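Shown next: my_file-v8.pdb, given as PDB, C-alpha atoms, pLDDT in the B column.
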```pdb
ATOM      1  CA  MET A 790      75.051 176.962  48.610  1.00 41.00           C
ATOM      2  CA  ASN A 791      77.244 179.681  47.163  1.00 44.00           C
ATOM      3  CA  ALA A 792      80.894 179.051  46.381  1.00 41.00           C
ATOM      4  CA  TYR A 793      83.240 179.796  49.226  1.00 48.00           C
ATOM      5  CA  THR A 794      85.508 182.824  49.136  1.00 47.00           C
ATOM      6  CA  PRO A 795      88.633 183.568  51.182  1.00 45.00           C
ATOM      7  CA  GLN A 796      86.707 186.395  52.866  1.00 46.00           C
ATOM      8  CA  PHE A 797      84.030 183.963  54.006  1.00 46.00           C
ATOM      9  CA  PHE A 798      86.550 181.917  55.937  1.00 47.00           C
ATOM     10  CA  SER A 799      88.544 184.842  57.279  1.00 44.00           C
ATOM     11  CA  PHE A 800      86.318 185.203  60.313  1.00 41.00           C
ATOM     12  CA  PHE A 801      88.212 182.353  61.937  1.00 44.00           C
ATOM     13  CA  LYS A 802      91.398 184.410  62.067  1.00 44.00           C
ATOM     14  CA  PRO A 803      92.256 185.740  65.524  1.00 42.00           C
ATOM     15  CA  HIS A 804      90.084 188.641  66.570  1.00 42.00           C
ATOM     16  CA  ARG A 805      91.490 187.967  70.043  1.00 40.00           C
ATOM     17  CA  ALA A 806      88.621 189.785  71.675  1.00 38.00           C
ATOM     18  CA  LEU A 807      88.337 186.946  74.140  1.00 43.00           C
ATOM     19  CA  ALA A 808      84.655 186.248  73.750  1.00 41.00           C
ATOM     20  CA  PHE A 809      83.962 183.727  76.458  1.00 40.00           C
ATOM     21  CA  GLY A 810      80.257 183.049  76.320  1.00 41.00           C
ATOM     22  CA  LEU A 811      77.884 182.763  79.227  1.00 37.00           C
ATOM     23  CA  PHE A 812      79.021 180.121  81.710  1.00 36.00           C
ATOM     24  CA  LEU A 813      75.740 178.859  83.142  1.00 34.00           C
ATOM     25  CA  ALA A 814      76.514 176.723  86.168  1.00 34.00           C
ATOM     26  CA  SER A 815      76.455 176.470  89.906  1.00 31.00           C
ATOM     27  CA  ALA A 816      79.298 175.161  92.019  1.00 29.00           C
ATOM     28  CA  LEU A 817      78.718 171.409  92.072  1.00 30.00           C
ATOM     29  CA  GLY A 818      80.874 168.725  93.589  1.00 31.00           C
ATOM     30  CA  LEU A 819      83.060 166.909  91.064  1.00 32.00           C
ATOM     31  CA  SER A 820      82.283 163.256  90.520  1.00 34.00           C
ATOM     32  CA  GLY A 821      82.518 160.627  87.818  1.00 39.00           C
ATOM     33  CA  GLN A 822      78.749 160.463  87.503  1.00 42.00           C
ATOM     34  CA  SER A 823      77.080 162.724  84.972  1.00 46.00           C
ATOM     35  CA  SER A 824      74.416 165.132  86.154  1.00 49.00           C
ATOM     36  CA  ALA A 825      71.863 163.431  83.895  1.00 45.00           C
ATOM     37  CA  GLN A 826      72.566 160.077  85.546  1.00 45.00           C
ATOM     38  CA  SER A 827      72.200 161.579  89.014  1.00 45.00           C
ATOM     39  CA  GLY A 828      68.853 163.141  88.110  1.00 55.00           C
ATOM     40  CA  ASP A 829      70.070 166.738  88.007  1.00 79.00           C
ATOM     41  CA  THR A 830      69.905 169.248  85.193  1.00 91.00           C
ATOM     42  CA  GLN A 831      71.971 168.155  82.194  1.00 96.00           C
ATOM     43  CA  ARG A 832      74.798 170.445  81.111  1.00 97.00           C
ATOM     44  CA  ILE A 833      75.817 170.951  77.506  1.00 98.00           C
ATOM     45  CA  LEU A 834      79.209 172.556  76.908  1.00 98.00           C
ATOM     46  CA  PHE A 835      79.685 174.313  73.558  1.00 98.00           C
ATOM     47  CA  PHE A 836      83.442 174.610  73.074  1.00 98.00           C
ATOM     48  CA  GLY A 837      84.431 176.648  70.053  1.00 97.00           C
ATOM     49  CA  ASP A 838      85.460 179.872  68.379  1.00 94.00           C
ATOM     50  CA  SER A 839      83.726 182.978  67.000  1.00 92.00           C
ATOM     51  CA  LEU A 840      80.752 181.080  65.617  1.00 91.00           C
ATOM     52  CA  THR A 841      79.913 179.639  68.990  1.00 94.00           C
ATOM     53  CA  ALA A 842      80.626 182.949  70.722  1.00 94.00           C
ATOM     54  CA  GLY A 843      78.131 184.725  68.448  1.00 95.00           C
ATOM     55  CA  TYR A 844      80.722 187.166  67.165  1.00 93.00           C
ATOM     56  CA  GLY A 845      79.185 190.408  65.900  1.00 95.00           C
ATOM     57  CA  ILE A 846      75.719 189.859  67.352  1.00 97.00           C
ATOM     58  CA  ASP A 847      74.030 189.803  70.727  1.00 97.00           C
ATOM     59  CA  PRO A 848      75.077 186.467  72.297  1.00 95.00           C
ATOM     60  CA  ALA A 849      71.416 185.957  73.196  1.00 97.00           C
ATOM     61  CA  LEU A 850      70.778 185.538  69.443  1.00 98.00           C
ATOM     62  CA  ALA A 851      73.633 183.097  68.810  1.00 98.00           C
ATOM     63  CA  TYR A 852      72.960 179.421  68.256  1.00 98.00           C
ATOM     64  CA  PRO A 853      73.898 178.198  71.774  1.00 98.00           C
ATOM     65  CA  ALA A 854      71.363 180.596  73.326  1.00 98.00           C
ATOM     66  CA  LEU A 855      68.771 179.470  70.778  1.00 98.00           C
ATOM     67  CA  ILE A 856      69.448 175.881  71.798  1.00 98.00           C
ATOM     68  CA  GLN A 857      68.758 176.881  75.414  1.00 98.00           C
ATOM     69  CA  GLN A 858      65.461 178.398  74.302  1.00 98.00           C
ATOM     70  CA  ARG A 859      64.502 175.150  72.582  1.00 97.00           C
ATOM     71  CA  LEU A 860      65.397 173.163  75.692  1.00 97.00           C
ATOM     72  CA  ASP A 861      63.283 175.441  77.851  1.00 97.00           C
ATOM     73  CA  THR A 862      60.339 175.275  75.463  1.00 96.00           C
ATOM     74  CA  ALA A 863      60.547 171.479  75.351  1.00 94.00           C
ATOM     75  CA  GLY A 864      60.732 171.303  79.120  1.00 94.00           C
ATOM     76  CA  THR A 865      64.032 169.450  78.930  1.00 95.00           C
ATOM     77  CA  PRO A 866      66.069 169.827  82.142  1.00 95.00           C
ATOM     78  CA  ALA A 867      69.288 171.068  80.542  1.00 97.00           C
ATOM     79  CA  LYS A 868      71.552 174.124  80.726  1.00 97.00           C
ATOM     80  CA  VAL A 869      73.860 175.420  78.023  1.00 98.00           C
ATOM     81  CA  VAL A 870      77.434 176.350  78.939  1.00 97.00           C
ATOM     82  CA  VAL A 871      79.351 178.375  76.348  1.00 97.00           C
ATOM     83  CA  GLY A 872      83.134 178.208  76.248  1.00 96.00           C
ATOM     84  CA  ALA A 873      84.061 180.092  73.082  1.00 95.00           C
ATOM     85  CA  VAL A 874      86.987 182.345  72.144  1.00 95.00           C
ATOM     86  CA  SER A 875      86.990 184.186  68.835  1.00 93.00           C
ATOM     87  CA  GLY A 876      89.955 183.195  66.691  1.00 92.00           C
ATOM     88  CA  ASP A 877      90.798 180.184  68.838  1.00 96.00           C
ATOM     89  CA  THR A 878      92.741 177.209  67.472  1.00 97.00           C
ATOM     90  CA  SER A 879      92.789 173.579  68.521  1.00 98.00           C
ATOM     91  CA  ALA A 880      95.989 174.269  70.481  1.00 98.00           C
ATOM     92  CA  GLY A 881      94.318 177.182  72.249  1.00 98.00           C
ATOM     93  CA  GLY A 882      91.362 175.003  73.095  1.00 98.00           C
ATOM     94  CA  LEU A 883      93.628 172.351  74.537  1.00 98.00           C
ATOM     95  CA  ARG A 884      95.251 174.938  76.792  1.00 98.00           C
ATOM     96  CA  ARG A 885      91.931 176.088  78.254  1.00 97.00           C
ATOM     97  CA  ILE A 886      89.829 172.927  78.351  1.00 98.00           C
ATOM     98  CA  ASN A 887      90.694 172.055  81.946  1.00 96.00           C
ATOM     99  CA  TRP A 888      89.278 175.390  83.098  1.00 95.00           C
ATOM    100  CA  MET A 889      85.983 174.580  81.390  1.00 96.00           C
ATOM    101  CA  LEU A 890      85.783 171.164  83.042  1.00 96.00           C
ATOM    102  CA  ARG A 891      85.599 172.430  86.589  1.00 93.00           C
ATOM    103  CA  GLN A 892      82.088 171.021  86.899  1.00 88.00           C
ATOM    104  CA  PRO A 893      80.187 168.046  85.439  1.00 93.00           C
ATOM    105  CA  ILE A 894      79.328 168.080  81.742  1.00 96.00           C
ATOM    106  CA  ASP A 895      76.852 165.665  80.147  1.00 97.00           C
ATOM    107  CA  ILE A 896      77.196 166.632  76.468  1.00 98.00           C
ATOM    108  CA  PHE A 897      80.332 168.165  74.949  1.00 98.00           C
ATOM    109  CA  VAL A 898      80.039 169.918  71.574  1.00 98.00           C
ATOM    110  CA  LEU A 899      83.487 170.407  70.027  1.00 98.00           C
ATOM    111  CA  ALA A 900      83.483 173.171  67.402  1.00 98.00           C
ATOM    112  CA  LEU A 901      87.161 173.979  66.889  1.00 98.00           C
ATOM    113  CA  GLY A 902      89.770 173.485  64.157  1.00 93.00           C
ATOM    114  CA  ALA A 903      88.882 175.914  61.391  1.00 82.00           C
ATOM    115  CA  ASN A 904      91.535 178.436  62.409  1.00 87.00           C
ATOM    116  CA  ASP A 905      94.103 175.689  62.182  1.00 92.00           C
ATOM    117  CA  GLY A 906      93.125 175.089  58.587  1.00 90.00           C
ATOM    118  CA  LEU A 907      93.345 178.731  57.596  1.00 83.00           C
ATOM    119  CA  ARG A 908      96.810 178.936  59.122  1.00 91.00           C
ATOM    120  CA  GLY A 909      97.899 175.893  57.148  1.00 94.00           C
ATOM    121  CA  ILE A 910      98.598 173.832  60.248  1.00 97.00           C
ATOM    122  CA  ASP A 911      99.267 170.176  59.545  1.00 97.00           C
ATOM    123  CA  PRO A 912      95.894 168.376  59.812  1.00 98.00           C
ATOM    124  CA  ALA A 913      97.639 165.645  61.795  1.00 98.00           C
ATOM    125  CA  ASP A 914      98.509 168.215  64.462  1.00 98.00           C
ATOM    126  CA  THR A 915      94.969 169.557  64.515  1.00 98.00           C
ATOM    127  CA  GLU A 916      93.594 166.056  64.884  1.00 98.00           C
ATOM    128  CA  LYS A 917      96.048 165.342  67.688  1.00 98.00           C
ATOM    129  CA  ASN A 918      94.998 168.458  69.595  1.00 98.00           C
ATOM    130  CA  LEU A 919      91.285 167.795  69.164  1.00 98.00           C
ATOM    131  CA  GLN A 920      91.736 164.205  70.277  1.00 98.00           C
ATOM    132  CA  ALA A 921      93.648 165.417  73.336  1.00 98.00           C
ATOM    133  CA  ILE A 922      90.730 167.719  74.190  1.00 98.00           C
ATOM    134  CA  ILE A 923      88.303 164.820  73.888  1.00 98.00           C
ATOM    135  CA  ASP A 924      90.589 162.630  76.003  1.00 98.00           C
ATOM    136  CA  ARG A 925      90.576 165.202  78.787  1.00 98.00           C
ATOM    137  CA  VAL A 926      86.798 165.427  78.680  1.00 98.00           C
ATOM    138  CA  LYS A 927      86.493 161.648  78.900  1.00 97.00           C
ATOM    139  CA  ALA A 928      89.029 161.442  81.710  1.00 97.00           C
ATOM    140  CA  LYS A 929      87.094 163.988  83.731  1.00 95.00           C
ATOM    141  CA  GLU A 930      83.601 162.806  82.801  1.00 92.00           C
ATOM    142  CA  PRO A 931      83.661 159.287  81.307  1.00 95.00           C
ATOM    143  CA  ALA A 932      79.922 159.288  80.633  1.00 95.00           C
ATOM    144  CA  THR A 933      79.962 162.520  78.635  1.00 97.00           C
ATOM    145  CA  LYS A 934      78.416 162.307  75.173  1.00 97.00           C
ATOM    146  CA  ILE A 935      80.580 163.871  72.475  1.00 98.00           C
ATOM    147  CA  VAL A 936      79.382 165.891  69.470  1.00 98.00           C
ATOM    148  CA  ILE A 937      81.895 166.981  66.830  1.00 98.00           C
ATOM    149  CA  ALA A 938      81.037 169.906  64.546  1.00 98.00           C
ATOM    150  CA  GLY A 939      82.763 169.607  61.183  1.00 97.00           C
ATOM    151  CA  MET A 940      84.154 172.464  59.116  1.00 94.00           C
ATOM    152  CA  ARG A 941      85.440 172.892  55.552  1.00 89.00           C
ATOM    153  CA  MET A 942      88.271 174.854  53.999  1.00 86.00           C
ATOM    154  CA  PRO A 943      88.139 177.066  50.876  1.00 80.00           C
ATOM    155  CA  PRO A 944      89.384 175.788  47.488  1.00 84.00           C
ATOM    156  CA  SER A 945      92.288 178.238  47.578  1.00 84.00           C
ATOM    157  CA  LEU A 946      94.087 176.010  50.069  1.00 88.00           C
ATOM    158  CA  GLY A 947      94.459 173.214  47.531  1.00 93.00           C
ATOM    159  CA  ASN A 948      92.650 169.936  47.042  1.00 95.00           C
ATOM    160  CA  ASP A 949      95.066 167.796  49.037  1.00 96.00           C
ATOM    161  CA  TYR A 950      94.912 170.026  52.090  1.00 96.00           C
ATOM    162  CA  ILE A 951      91.136 170.436  51.829  1.00 95.00           C
ATOM    163  CA  ALA A 952      90.648 166.681  51.734  1.00 96.00           C
ATOM    164  CA  ALA A 953      93.023 166.019  54.624  1.00 97.00           C
ATOM    165  CA  PHE A 954      91.358 168.705  56.727  1.00 97.00           C
ATOM    166  CA  ALA A 955      87.844 167.451  55.982  1.00 96.00           C
ATOM    167  CA  GLU A 956      88.806 163.942  57.092  1.00 98.00           C
ATOM    168  CA  ILE A 957      89.665 165.103  60.609  1.00 98.00           C
ATOM    169  CA  PHE A 958      86.105 165.398  61.853  1.00 98.00           C
ATOM    170  CA  PRO A 959      84.488 162.139  60.688  1.00 98.00           C
ATOM    171  CA  LYS A 960      87.641 160.298  61.767  1.00 98.00           C
ATOM    172  CA  LEU A 961      87.421 161.753  65.266  1.00 98.00           C
ATOM    173  CA  ALA A 962      83.713 160.967  65.429  1.00 98.00           C
ATOM    174  CA  LYS A 963      84.334 157.340  64.471  1.00 98.00           C
ATOM    175  CA  THR A 964      87.291 156.912  66.815  1.00 98.00           C
ATOM    176  CA  ASN A 965      85.392 158.328  69.767  1.00 98.00           C
ATOM    177  CA  ASP A 966      81.933 156.941  68.990  1.00 97.00           C
ATOM    178  CA  ALA A 967      80.775 160.550  68.786  1.00 98.00           C
ATOM    179  CA  THR A 968      77.889 162.243  67.001  1.00 98.00           C
ATOM    180  CA  LEU A 969      79.055 164.093  63.878  1.00 98.00           C
ATOM    181  CA  ILE A 970      77.687 167.348  62.489  1.00 98.00           C
ATOM    182  CA  PRO A 971      79.209 167.146  58.979  1.00 97.00           C
ATOM    183  CA  PHE A 972      79.310 170.922  58.433  1.00 96.00           C
ATOM    184  CA  LEU A 973      78.325 173.400  61.126  1.00 95.00           C
ATOM    185  CA  LEU A 974      77.610 176.149  58.565  1.00 92.00           C
ATOM    186  CA  GLU A 975      75.457 174.029  56.285  1.00 95.00           C
ATOM    187  CA  GLY A 976      72.992 176.290  54.476  1.00 95.00           C
ATOM    188  CA  VAL A 977      74.548 179.438  55.948  1.00 94.00           C
ATOM    189  CA  GLY A 978      78.137 179.763  54.788  1.00 86.00           C
ATOM    190  CA  GLY A 979      78.427 182.068  51.798  1.00 84.00           C
ATOM    191  CA  GLU A 980      74.763 183.087  51.874  1.00 93.00           C
ATOM    192  CA  ILE A 981      74.623 186.900  51.841  1.00 95.00           C
ATOM    193  CA  ASP A 982      71.185 187.151  53.443  1.00 97.00           C
ATOM    194  CA  LEU A 983      72.239 184.945  56.353  1.00 97.00           C
ATOM    195  CA  ASN A 984      75.420 186.784  57.280  1.00 92.00           C
ATOM    196  CA  LEU A 985      76.377 190.170  58.651  1.00 90.00           C
ATOM    197  CA  ALA A 986      77.380 193.057  56.390  1.00 91.00           C
ATOM    198  CA  ASP A 987      80.927 191.696  56.324  1.00 77.00           C
ATOM    199  CA  ARG A 988      79.497 188.593  54.595  1.00 77.00           C
ATOM    200  CA  ILE A 989      81.542 186.542  57.006  1.00 74.00           C
ATOM    201  CA  HIS A 990      79.713 186.092  60.287  1.00 86.00           C
ATOM    202  CA  PRO A 991      76.207 184.620  60.491  1.00 94.00           C
ATOM    203  CA  ASN A 992      73.544 187.123  61.407  1.00 97.00           C
ATOM    204  CA  PRO A 993      70.649 186.250  63.725  1.00 98.00           C
ATOM    205  CA  ALA A 994      68.801 184.546  60.858  1.00 98.00           C
ATOM    206  CA  GLY A 995      71.897 182.512  60.089  1.00 98.00           C
ATOM    207  CA  HIS A 996      72.260 181.481  63.719  1.00 98.00           C
ATOM    208  CA  LYS A 997      68.697 180.198  63.674  1.00 98.00           C
ATOM    209  CA  ILE A 998      69.749 177.750  60.958  1.00 98.00           C
ATOM    210  CA  LEU A 999      72.863 176.788  62.906  1.00 98.00           C
ATOM    211  CA  ALA A1000      70.643 176.107  65.909  1.00 98.00           C
ATOM    212  CA  THR A1001      68.444 173.813  63.832  1.00 98.00           C
ATOM    213  CA  THR A1002      71.503 171.947  62.536  1.00 98.00           C
ATOM    214  CA  VAL A1003      72.931 171.495  66.010  1.00 98.00           C
ATOM    215  CA  TRP A1004      69.578 170.602  67.548  1.00 98.00           C
ATOM    216  CA  ALA A1005      69.239 167.708  65.122  1.00 97.00           C
ATOM    217  CA  ALA A1006      72.475 166.271  66.519  1.00 97.00           C
ATOM    218  CA  LEU A1007      71.574 166.902  70.165  1.00 96.00           C
ATOM    219  CA  ASP A1008      67.972 165.755  70.125  1.00 90.00           C
ATOM    220  CA  GLY A1009      68.715 162.043  70.421  1.00 90.00           C
ATOM    221  CA  LEU A1010      71.351 162.567  73.122  1.00 95.00           C
ATOM    222  CA  LEU A1011      69.225 164.433  75.637  1.00 92.00           C
ATOM    223  CA  GLU A1012      67.678 162.722  78.613  1.00 78.00           C
ATOM    224  CA  GLU A1013      63.999 163.486  79.060  1.00 57.00           C
TER     225      GLU A1013
END
```
This structure in C-alpha cells:
Amino acid sequence: MNAYTPQFFSFFKPHRALAFGLFLASALGLSGQSSAQSGDTQRILFFGDSLTAGYGIDPALAYPALIQQRLDTAGTPAKVVVGAVSGDTSAGGLRRINWMLRQPIDIFVLALGANDGLRGIDPADTEKNLQAIIDRVKAKEPATKIVIAGMRMPPSLGNDYIAAFAEIFPKLAKTNDATLIPFLLEGVGGEIDLNLADRIHPNPAGHKILATTVWAALDGLLEE
C-alpha cells in the first residue's frame, strides 16, 4: 500500500453536502426483538461519512449498495440502510443517531471518527462519542450486532496521536463484543488506480474492494 499523504485523508473534512444515503425501510412497529429473530428481513445500518455515502460517485456503485447486491445474489433476506453524511464527525453522528433508529436494526456498522482525527480532537472524546452511539443502538435494539470499521491517521499528525487514535477502534470492539474491521480502506487508500481523479475518494473499483472487506465482516453475522 502506498504511503499516506495529507491529501489522501482530506476527504474526511466537511464537504457538508449532506449526503444521506438511501434509507431502505418500511414503517415497522418498534419492539425490542430484532427483525431477524422475528423472521422478517434483516436490516443492516451503515452509519458513516463520505466513504459510506459514496461521495463523488453514483451511490449505486458505493460499497453499501454493492453489499445489497451480494445479499440479493446470495438470497439472504436482508436490506441495507445507509445513514451517511459527508464530513461528519463522531459528535455529529451522536446528534443524528436517534433519527436513524426509528425502526428495528439487526446489524449496525459504525464507520465514523476519521474527521475527528484530522481535526485533532482528543481521541478520548472521539471514543466517548462513538461509545455513546453504540449505547443508544443497544438501548433501542439490544440484540443488534455491532461492526466497527477502523481508520488510520497520516504520519503528519505525530506518532503519539496516531497510536492513540488507532487504539480507539479495537478498544471499542473489545468493550462491546463487536466485530472489528481493522482498516476500512485496506488495499484502497493511497492507490491511484482505485481512487477518483482527486486521489482522495475511492472510485467504483475501489468501492468493490471496500465491499469485499466489509462483506468478510458481515458474512458470519447474517441469518440465513
Go through the shown structure with the PyMOL selection byres ((chain A and resi 926-938) around 9) and write out the matching residues as JSON, numbers by chain. {"A": [819, 820, 821, 822, 823, 826, 886, 887, 890, 893, 894, 895, 896, 897, 898, 899, 900, 901, 921, 922, 923, 924, 925, 939, 940, 958, 959, 961, 962, 965, 966, 967, 968, 969, 970, 971, 972, 973, 1003, 1006, 1007, 1010]}
How would the residues just picked look written out with C-alpha atoms as a CSV table (one decimal), keeping the file's coordinate frame?
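Written out: selection.csv:
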```csv
chain,number,residue,atom,x,y,z
A,819,LEU,CA,83.1,166.9,91.1
A,820,SER,CA,82.3,163.3,90.5
A,821,GLY,CA,82.5,160.6,87.8
A,822,GLN,CA,78.7,160.5,87.5
A,823,SER,CA,77.1,162.7,85.0
A,826,GLN,CA,72.6,160.1,85.5
A,886,ILE,CA,89.8,172.9,78.4
A,887,ASN,CA,90.7,172.1,81.9
A,890,LEU,CA,85.8,171.2,83.0
A,893,PRO,CA,80.2,168.0,85.4
A,894,ILE,CA,79.3,168.1,81.7
A,895,ASP,CA,76.9,165.7,80.1
A,896,ILE,CA,77.2,166.6,76.5
A,897,PHE,CA,80.3,168.2,74.9
A,898,VAL,CA,80.0,169.9,71.6
A,899,LEU,CA,83.5,170.4,70.0
A,900,ALA,CA,83.5,173.2,67.4
A,901,LEU,CA,87.2,174.0,66.9
A,921,ALA,CA,93.6,165.4,73.3
A,922,ILE,CA,90.7,167.7,74.2
A,923,ILE,CA,88.3,164.8,73.9
A,924,ASP,CA,90.6,162.6,76.0
A,925,ARG,CA,90.6,165.2,78.8
A,939,GLY,CA,82.8,169.6,61.2
A,940,MET,CA,84.2,172.5,59.1
A,958,PHE,CA,86.1,165.4,61.9
A,959,PRO,CA,84.5,162.1,60.7
A,961,LEU,CA,87.4,161.8,65.3
A,962,ALA,CA,83.7,161.0,65.4
A,965,ASN,CA,85.4,158.3,69.8
A,966,ASP,CA,81.9,156.9,69.0
A,967,ALA,CA,80.8,160.6,68.8
A,968,THR,CA,77.9,162.2,67.0
A,969,LEU,CA,79.1,164.1,63.9
A,970,ILE,CA,77.7,167.3,62.5
A,971,PRO,CA,79.2,167.1,59.0
A,972,PHE,CA,79.3,170.9,58.4
A,973,LEU,CA,78.3,173.4,61.1
A,1003,VAL,CA,72.9,171.5,66.0
A,1006,ALA,CA,72.5,166.3,66.5
A,1007,LEU,CA,71.6,166.9,70.2
A,1010,LEU,CA,71.4,162.6,73.1
```
Once the PyMOL selection byres ((chain A and resi 985) around 12) has been evaluated on this model, what residues remain selected, and can you format them as a ChimeraX atom specification? /A:797,800,843-846,977-984,986-996
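Nearest to A:Tyr950 of all the residues A:Asp861, A:Asp838, A:Glu975, A:Asp905 is A:Asp905, counting all atoms listed in the file.
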Applied to this file, what does the PyMOL selection byres ((chain A and resi 858) around 12) return in terms of residues, put as a PDB file with C-alpha atoms, in the frame of the given file?
```pdb
ATOM      1  CA  ALA A 849      71.416 185.957  73.196  1.00 97.00           C
ATOM      2  CA  LEU A 850      70.778 185.538  69.443  1.00 98.00           C
ATOM      3  CA  ALA A 851      73.633 183.097  68.810  1.00 98.00           C
ATOM      4  CA  TYR A 852      72.960 179.421  68.256  1.00 98.00           C
ATOM      5  CA  PRO A 853      73.898 178.198  71.774  1.00 98.00           C
ATOM      6  CA  ALA A 854      71.363 180.596  73.326  1.00 98.00           C
ATOM      7  CA  LEU A 855      68.771 179.470  70.778  1.00 98.00           C
ATOM      8  CA  ILE A 856      69.448 175.881  71.798  1.00 98.00           C
ATOM      9  CA  GLN A 857      68.758 176.881  75.414  1.00 98.00           C
ATOM     10  CA  ARG A 859      64.502 175.150  72.582  1.00 97.00           C
ATOM     11  CA  LEU A 860      65.397 173.163  75.692  1.00 97.00           C
ATOM     12  CA  ASP A 861      63.283 175.441  77.851  1.00 97.00           C
ATOM     13  CA  THR A 862      60.339 175.275  75.463  1.00 96.00           C
ATOM     14  CA  ALA A 863      60.547 171.479  75.351  1.00 94.00           C
ATOM     15  CA  GLY A 864      60.732 171.303  79.120  1.00 94.00           C
ATOM     16  CA  THR A 865      64.032 169.450  78.930  1.00 95.00           C
ATOM     17  CA  PRO A 866      66.069 169.827  82.142  1.00 95.00           C
ATOM     18  CA  ALA A 867      69.288 171.068  80.542  1.00 97.00           C
ATOM     19  CA  LYS A 868      71.552 174.124  80.726  1.00 97.00           C
ATOM     20  CA  VAL A 869      73.860 175.420  78.023  1.00 98.00           C
ATOM     21  CA  LYS A 997      68.697 180.198  63.674  1.00 98.00           C
ATOM     22  CA  ALA A1000      70.643 176.107  65.909  1.00 98.00           C
ATOM     23  CA  THR A1001      68.444 173.813  63.832  1.00 98.00           C
ATOM     24  CA  TRP A1004      69.578 170.602  67.548  1.00 98.00           C
TER      25      TRP A1004
END
```
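You can rank A:Gly906, A:Arg884, A:Ser875, A:Met889 by their closest distance to A:Ala952 using all atoms listed in the file, and at the top of that list sits A:Gly906.
Coordinates place atom CA of A:Gly872 at a distance of 29.5 Å from atom CA of A:Pro944.
The space between atom CA of A:Asn948 and atom CA of A:Gly837 spans 25.3 Å.
Interatomic distance, atom CA of A:Arg908 to atom CA of A:Leu999: 24.3 Å.
With distances taken over all atoms listed in the file, A:Val870 is the one residue among A:Gly909, A:Asp949, A:Met942, A:Val870 lying closest to A:Gln892.
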